[in-house]
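One file, entry_32.cif, carrying mmCIF, C-alpha atoms and all ligand atoms:
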data_coords
#
loop_
_atom_site.label_atom_id
_atom_site.label_comp_id
_atom_site.auth_asym_id
_atom_site.auth_seq_id
_atom_site.Cartn_x
_atom_site.Cartn_y
_atom_site.Cartn_z
CA MET F 1 11.04 -17.39 20.22
CA LYS F 2 9.15 -14.34 21.46
CA GLU F 3 5.87 -13.88 19.69
CA ILE F 4 5.97 -11.02 17.21
CA THR F 5 3.18 -8.46 17.47
CA HIS F 6 2.32 -5.00 16.15
CA ASP F 7 2.20 -1.76 18.09
CA HIS F 8 -1.03 0.06 17.48
CA LYS F 9 -2.28 3.58 18.12
CA LYS F 10 -5.21 5.79 17.14
CA ILE F 11 -4.31 8.41 14.53
CA SER F 12 -7.78 9.89 13.97
CA ASN F 13 -11.38 9.35 15.03
CA GLY F 14 -12.00 5.62 14.53
CA ILE F 15 -8.69 5.01 12.72
CA THR F 16 -5.90 2.87 14.18
CA ILE F 17 -2.46 2.22 12.67
CA PHE F 18 -0.67 -1.10 13.29
CA GLN F 19 3.11 -1.00 12.97
CA GLY F 20 5.36 -4.01 12.99
CA MET F 21 8.75 -4.92 11.62
CA ASP F 22 10.99 -2.71 9.49
CA ASN F 23 9.96 -2.88 5.83
CA GLU F 24 6.49 -4.19 6.68
CA GLY F 25 3.62 -2.21 5.18
CA LYS F 26 1.57 -0.17 7.65
CA ILE F 27 -1.81 -1.67 8.48
CA TYR F 28 -4.86 0.54 9.11
CA LEU F 29 -8.16 -0.24 10.81
CA ILE F 30 -11.11 2.09 10.13
CA GLU F 31 -14.17 1.70 12.34
CA GLY F 32 -17.62 2.94 11.38
CA LYS F 33 -20.83 2.52 13.30
CA THR F 34 -21.71 -0.97 12.06
CA ALA F 35 -18.57 -2.34 10.38
CA ALA F 36 -14.79 -2.01 10.27
CA LEU F 37 -12.35 -2.09 7.36
CA LEU F 38 -8.80 -3.44 7.61
CA ILE F 39 -6.46 -1.95 5.01
CA ASP F 40 -3.60 -4.39 4.27
CA THR F 41 -2.38 -7.35 6.28
CA GLY F 42 1.41 -6.96 6.60
CA PHE F 43 3.92 -9.79 6.27
CA GLY F 44 1.65 -12.39 7.81
CA VAL F 45 4.11 -13.41 10.53
CA THR F 46 1.89 -12.36 13.48
CA ASP F 47 -1.59 -13.29 14.70
CA LEU F 48 -2.99 -10.18 13.03
CA ALA F 49 -6.61 -11.34 13.19
CA GLY F 50 -6.23 -11.77 16.97
CA GLU F 51 -4.59 -8.37 17.33
CA ILE F 52 -7.45 -6.70 15.43
CA ARG F 53 -9.99 -8.32 17.73
CA THR F 54 -8.38 -6.59 20.73
CA VAL F 55 -9.34 -3.26 19.13
CA THR F 56 -12.76 -3.86 17.55
CA GLY F 57 -15.60 -6.35 17.76
CA LEU F 58 -17.31 -4.96 14.65
CA PRO F 59 -17.81 -7.17 11.59
CA LEU F 60 -14.55 -6.89 9.66
CA THR F 61 -13.87 -6.50 5.93
CA VAL F 62 -10.30 -6.72 4.61
CA VAL F 63 -8.86 -4.91 1.59
CA ASN F 64 -5.37 -4.81 0.00
CA THR F 65 -3.88 -1.64 -1.51
CA HIS F 66 -1.89 -3.91 -3.88
CA GLY F 67 -0.51 -7.43 -4.03
CA HIS F 68 2.96 -7.08 -2.51
CA GLY F 69 3.72 -9.48 0.33
CA ASP F 70 4.51 -6.79 2.90
CA HIS F 71 0.88 -5.64 2.45
CA SER F 72 -0.98 -8.89 1.77
CA GLY F 73 1.03 -11.55 3.63
CA GLY F 74 -1.60 -12.00 6.35
CA ASN F 75 -4.54 -12.44 3.97
CA ASN F 76 -4.81 -16.13 4.83
CA GLN F 77 -5.98 -15.23 8.37
CA PHE F 78 -9.23 -13.93 6.91
CA SER F 79 -11.98 -15.73 4.99
CA GLU F 80 -12.17 -13.15 2.19
CA VAL F 81 -10.14 -10.17 0.99
CA TYR F 82 -11.04 -7.38 -1.44
CA LEU F 83 -8.43 -6.29 -3.97
CA HIS F 84 -8.08 -5.17 -7.56
CA GLU F 85 -8.04 -8.03 -10.06
CA ARG F 86 -4.59 -6.95 -11.30
CA ALA F 87 -3.27 -7.02 -7.70
CA ALA F 88 -4.07 -10.74 -7.53
CA ARG F 89 -1.50 -11.24 -10.29
CA GLU F 90 1.23 -9.46 -8.34
CA ALA F 91 1.59 -12.48 -6.13
CA GLY F 92 4.84 -14.04 -7.36
CA GLU F 93 6.60 -10.69 -7.38
CA ALA F 94 5.47 -10.09 -3.82
CA LEU F 95 7.01 -13.31 -2.61
CA GLU F 96 10.40 -12.58 -4.15
CA LEU F 97 10.50 -9.09 -2.65
CA ASN F 98 9.63 -10.45 0.80
CA LYS F 99 12.57 -12.80 0.63
CA THR F 100 14.97 -9.86 0.45
CA VAL F 101 13.72 -8.14 3.60
CA LEU F 102 12.74 -10.97 6.00
CA PRO F 103 15.07 -13.18 8.09
CA PRO F 104 15.03 -16.80 6.74
CA ASP F 105 12.84 -18.24 9.54
CA LEU F 106 10.21 -15.54 9.14
CA TRP F 107 10.36 -15.72 5.38
CA SER F 108 9.46 -19.41 5.44
CA LYS F 109 6.54 -18.57 7.75
CA ALA F 110 5.45 -15.80 5.38
CA GLU F 111 5.84 -18.11 2.39
CA GLU F 112 3.71 -20.79 4.03
CA ALA F 113 0.97 -18.24 4.76
CA TYR F 114 1.31 -16.88 1.28
CA ARG F 115 0.85 -20.23 -0.43
CA SER F 116 -2.33 -20.92 1.54
CA LYS F 117 -5.31 -20.65 -0.81
CA THR F 118 -8.09 -20.63 1.77
CA THR F 119 -8.96 -16.94 1.34
CA VAL F 120 -11.63 -15.93 -1.17
CA GLN F 121 -10.55 -13.00 -3.35
CA ARG F 122 -13.23 -10.44 -4.21
CA PHE F 123 -12.29 -8.04 -7.00
CA ILE F 124 -13.02 -4.32 -6.75
CA SER F 125 -12.45 -1.40 -9.09
CA GLU F 126 -12.92 2.36 -9.41
CA ARG F 127 -15.79 3.89 -7.38
CA PHE F 128 -16.49 0.74 -5.36
CA SER F 129 -17.13 1.80 -1.79
CA PHE F 130 -17.23 0.16 1.60
CA ASP F 131 -20.11 1.36 3.80
CA LEU F 132 -19.05 1.20 7.45
CA GLY F 133 -22.27 2.74 8.80
CA GLY F 134 -22.91 6.06 10.52
CA GLY F 135 -22.19 7.93 7.28
CA ARG F 136 -18.62 6.59 6.94
CA LYS F 137 -17.89 5.38 3.42
CA ILE F 138 -14.51 4.35 2.06
CA GLU F 139 -14.15 4.91 -1.68
CA VAL F 140 -11.81 2.97 -3.98
CA VAL F 141 -9.74 4.91 -6.52
CA GLU F 142 -7.48 3.06 -8.96
CA ILE F 143 -3.95 4.50 -8.97
CA PRO F 144 -1.79 2.15 -11.10
CA GLY F 145 1.91 2.97 -11.05
CA HIS F 146 3.97 1.28 -8.34
CA THR F 147 2.17 -1.85 -9.55
CA PRO F 148 -0.74 -2.25 -12.02
CA GLY F 149 -3.17 -3.28 -9.26
CA CYS F 150 -2.64 -0.34 -6.88
CA ILE F 151 -5.70 1.31 -5.37
CA CYS F 152 -6.10 3.98 -2.75
CA LEU F 153 -8.98 4.37 -0.33
CA ILE F 154 -10.61 7.67 0.64
CA ASP F 155 -12.38 7.97 3.99
CA SER F 156 -15.44 10.22 3.61
CA MET F 157 -15.48 11.02 7.32
CA SER F 158 -11.88 12.01 8.10
CA GLY F 159 -10.76 13.00 4.60
CA LEU F 160 -7.71 10.77 5.05
CA VAL F 161 -6.45 8.93 1.96
CA PHE F 162 -4.82 5.49 2.26
CA THR F 163 -2.26 5.37 -0.52
CA GLY F 164 -0.39 2.07 -0.20
CA ASP F 165 3.05 2.33 -1.80
CA CYS F 166 2.14 4.92 -4.44
CA LEU F 167 3.00 7.69 -1.98
CA VAL F 168 5.66 7.08 0.68
CA LYS F 169 8.12 9.44 2.32
CA SER F 170 10.24 7.27 4.63
CA MET F 171 11.54 5.39 1.58
CA ASP F 172 11.59 5.92 -2.17
CA ILE F 173 8.42 5.72 -4.24
CA LEU F 174 9.32 2.57 -6.18
CA LEU F 175 8.54 2.52 -9.89
CA VAL F 176 11.23 -0.14 -10.39
CA VAL F 177 9.62 -3.40 -9.25
CA PRO F 178 9.18 -5.80 -12.20
CA SER F 179 5.49 -4.96 -12.66
CA SER F 180 5.83 -1.18 -12.19
CA LEU F 181 4.24 0.92 -14.93
CA PRO F 182 5.98 3.77 -16.79
CA VAL F 183 6.38 7.11 -14.98
CA THR F 184 3.71 8.63 -17.27
CA ALA F 185 1.11 6.13 -15.97
CA TYR F 186 2.10 6.88 -12.37
CA LEU F 187 1.79 10.62 -13.05
CA SER F 188 -1.74 10.16 -14.49
CA SER F 189 -2.78 8.37 -11.30
CA MET F 190 -1.32 11.05 -9.04
CA GLU F 191 -2.86 13.87 -11.11
CA LYS F 192 -6.23 12.14 -10.72
CA LEU F 193 -5.76 12.31 -6.95
CA LEU F 194 -4.50 15.90 -7.13
CA ASP F 195 -7.74 16.93 -8.89
CA ARG F 196 -9.66 15.83 -5.80
CA SER F 197 -7.13 16.87 -3.18
CA SER F 198 -8.90 20.03 -1.95
CA ARG F 199 -11.07 17.67 0.14
CA PHE F 200 -8.15 15.58 1.47
CA ALA F 201 -7.06 15.96 5.11
CA GLY F 202 -3.85 13.91 4.89
CA LEU F 203 -2.12 10.89 3.35
CA CYS F 204 -1.82 7.61 5.26
CA THR F 205 0.90 5.86 3.31
CA GLY F 206 2.06 2.29 3.12
CA HIS F 207 5.26 2.87 5.09
CA ASP F 208 5.07 6.10 7.13
CA ALA F 209 4.30 6.13 10.84
CA ALA F 210 2.07 9.23 10.71
CA PRO F 211 -0.16 10.83 8.07
CA LEU F 212 1.63 13.10 5.57
CA PRO F 213 0.34 16.53 4.55
CA VAL F 214 -1.40 16.71 1.16
CA SER F 215 1.54 18.83 -0.08
CA PHE F 216 3.49 15.57 -0.34
CA LEU F 217 1.20 14.57 -3.23
CA CYS F 218 2.12 17.85 -4.98
CA ASP F 219 5.83 17.05 -4.50
CA ALA F 220 5.37 13.60 -6.06
CA VAL F 221 3.46 15.07 -9.01
CA VAL F 222 6.13 17.69 -9.68
CA CYS F 223 8.88 15.07 -9.31
CA ALA F 224 7.18 12.79 -11.88
CA ARG F 225 6.58 15.71 -14.26
CA GLN F 226 10.26 16.67 -14.05
CA ILE F 227 11.36 13.08 -14.81
CA ILE F 228 9.13 13.01 -17.90
CA ALA F 229 10.36 16.45 -19.02
CA GLY F 230 13.99 15.38 -18.57
CA LYS F 231 14.45 18.10 -15.99
CA ALA F 232 14.66 16.03 -12.79
CA ALA F 233 17.58 16.25 -10.38
CA ALA F 234 18.30 12.54 -10.92
CA ALA F 235 21.19 10.30 -9.84
CA PRO F 236 21.96 6.73 -10.99
CA VAL F 237 21.17 3.92 -8.50
CA GLU F 238 22.21 0.23 -8.56
CA LEU F 239 19.24 -1.95 -7.50
CA PRO F 240 19.43 -5.39 -5.79
CA ALA F 241 19.31 -8.33 -8.21
CA VAL F 242 15.73 -9.23 -7.17
CA TYR F 243 14.58 -6.27 -9.25
CA GLY F 244 15.83 -7.97 -12.44
CA ASP F 245 17.29 -5.07 -14.38
CA THR F 246 19.48 -3.32 -11.78
CA ALA F 247 19.86 0.05 -13.55
CA ALA F 248 17.71 2.85 -12.14
CA CYS F 249 17.72 6.53 -11.21
CA ARG F 250 16.49 8.45 -8.18
CA ALA F 251 14.82 11.82 -8.70
CA VAL F 252 13.98 14.14 -5.81
CA PHE F 253 11.60 17.06 -5.52
CA GLY F 254 10.64 18.55 -2.14
CA ASP F 255 9.96 15.65 0.23
CA ALA F 256 9.29 13.09 -2.53
CA SER F 257 11.87 10.82 -4.11
CA ILE F 258 11.04 8.47 -6.98
CA LEU F 259 13.10 5.48 -8.09
CA TYR F 260 12.49 4.87 -11.78
CA ARG F 261 14.00 3.31 -14.88
CA PRO F 262 15.26 5.68 -17.58
CA SER F 263 14.10 2.99 -20.05
CA LYS F 264 10.52 3.08 -18.69
CA ILE F 265 9.50 6.74 -18.57
CA CYS F 266 6.69 6.53 -21.14
ZN ZN L 301 4.58 -2.47 -2.88
#
Now that the file is in, can you turn its structure into structure tokens?
Amino acid sequence: MKEITHDHKKISNGITIFQGMDNEGKIYLIEGKTAALLIDTGFGVTDLAGEIRTVTGLPLTVVNTHGHGDHSGGNNQFSEVYLHERAAREAGEALELNKTVLPPDLWSKAEEAYRSKTTVQRFISERFSFDLGGGRKIEVVEIPGHTPGCICLIDSMSGLVFTGDCLVKSMDILLVVPSSLPVTAYLSSMEKLLDRSSRFAGLCTGHDAAPLPVSFLCDAVVCARQIIAGKAAAAPVELPAVYGDTAACRAVFGDASILYRPSKIC
């Protein structure tokens, strides 16, 4: 079988995106002067650690935006990974979701990597920051919603914000996975980001190939507000069985679409 790898390209000064299979979370590498930060580790079906070493020789720190297996599957290739404590509990859910999007042979490879317990987990929370040297700091902001353990990361140098799955355009923003919080909690997280957005240069999401404009955050906020107010242009959606309860709705505003449960708005 041909070895699976990621394509990678620079999207900003010192920032590289790694893109692999469909449905795999995007992986970002941020290089400072003295250290580099890897944001998410994909499905874990490639030699990601080897791929990263072709781009940078800087000491590497790894962080997860949340616990889902399309973002944390390759954690076992690294000695330690930073994540929110709640993200560490999203593990079982992550595995089940992976099973629905990976071919059987790759899923068993992902599962094997996933069950490996060699990686040390270091828990981080609001205002923690990674110092990459040369004035480049990456700040952690908690944005629970898609899952309870979601964080985003703000690059002080480029102004880019790494959002994980809380903001995505090429697919729905999912507030329907078993651990998703009510729409009101998601809205609070996005309004917290909106308050700071005058300094943002763009949104590097968990599943889009290029950074989104900050206006996408405004669309998501309005969409969530409309759902809560009962004024959203919403249509019923039947979810796959892996989601448990299969009843959901999709609401759209501007470029943002949110999948949510009418029973879990507040
Ligand atoms: Zn996710």
Excluding same-chain residues fewer than 4 positions from Thr184 (chain F), what lies within 8 Å of it counting all atoms listed in the file, as a VMD selection string?
chain F and resid 188 224 228 265 to 266
Let me see if you get this right: every residue at most 7 Å from ligand ZN 301 (chain L), counting all atoms listed in the file, written as a PDB file with C-alpha atoms, in the coordinates of the input.
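Wrote part.pdb, looks like this:
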ATOM      1  CA  HIS F  66      -1.890  -3.910  -3.880  1.00  0.00           C
ATOM      2  CA  HIS F  68       2.960  -7.080  -2.510  1.00  0.00           C
ATOM      3  CA  HIS F 146       3.970   1.280  -8.340  1.00  0.00           C
ATOM      4  CA  ASP F 165       3.050   2.330  -1.800  1.00  0.00           C
TER       5      ASP F 165
END
Within 12 Å of (7.5, -0.6, 9.6) (file coordinates; all atoms listed in the file), which protein or nucleic acid residues are there? I'd like them as a PyMOL selection string.
chain F and resi 5-8+17-27+42-43+70-71+101+168+170-171+205-210
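With distances restricted to all atoms listed in the file, F:Gly254 is the closest residue to Ser215 (chain F) from F:Gly254, F:Gly244, F:Gly149, F:Gly133.
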For the point (11.8, 2.8, -7.8) in file coordinates, what residues are within 6 Å, counting all atoms listed in the file? Give the answer as JSON, numbers by chain?
{"F": [173, 174, 175, 176, 258, 259, 260]}
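The spacing separating CA of Ala235 (chain F) from CA of Asn98 (chain F) amounts to 26.0 Å.
The interatomic distance for the pair CA of Glu3 (chain F) and CA of Ala113 (chain F) works out to 16.3 Å.
Going from CA of Arg127 (chain F) to CA of Leu153 (chain F) covers 9.8 Å.
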Please list as a PDB file with C-alpha atoms, in the coordinates of the input every residue within 10 Å of Pro262 (chain F), counting all atoms listed in the file and excluding residues in the same chain fewer than 6 positions away.
ATOM      1  CA  PRO F 182       5.980   3.770 -16.790  1.00  0.00           C
ATOM      2  CA  VAL F 183       6.380   7.110 -14.980  1.00  0.00           C
ATOM      3  CA  ILE F 227      11.360  13.080 -14.810  1.00  0.00           C
ATOM      4  CA  ILE F 228       9.130  13.010 -17.900  1.00  0.00           C
ATOM      5  CA  GLY F 230      13.990  15.380 -18.570  1.00  0.00           C
ATOM      6  CA  PRO F 236      21.960   6.730 -10.990  1.00  0.00           C
ATOM      7  CA  ALA F 247      19.860   0.050 -13.550  1.00  0.00           C
ATOM      8  CA  ALA F 248      17.710   2.850 -12.140  1.00  0.00           C
ATOM      9  CA  CYS F 249      17.720   6.530 -11.210  1.00  0.00           C
ATOM     10  CA  ARG F 250      16.490   8.450  -8.180  1.00  0.00           C
TER      11      ARG F 250
END
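Take the candidates F:Ser158, F:Asn64, F:Thr119, F:Ser108 and check each one against Asn13 (chain F) using all atoms listed in the file; the shortest distance goes to F:Ser158.
Among F:Thr118, F:Arg89, F:Pro211, F:Leu203, the residue with the shortest atom-to-atom distance to Lys10 (chain F), counting only C-alpha atoms, is F:Pro211.
Distances here use all atoms listed in the file; by that measure, the residue among F:Ser156, F:Ser179, F:Gln77, F:Thr61 closest to Arg199 (chain F) is F:Ser156.
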Using all atoms listed in the file, pick whichever of F:Val214, F:Ile143, F:Ala36, F:Leu102 has the shortest atom-to-atom distance to Ile52 (chain F).
F:Ala36
Skip Glu111 (chain F) itself and residues of its chain fewer than 2 positions away, then list as JSON, numbers by chain all residues within 9 Å of it, counting all atoms listed in the file.
{"F": [44, 73, 95, 98, 99, 106, 107, 108, 109, 113, 114, 115, 116]}
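The smallest atom-to-atom distance between Ala256 (chain F) and any of F:Val242, F:Ala220, F:Lys137, F:Gln226, using all atoms listed in the file, is found for F:Ala220.
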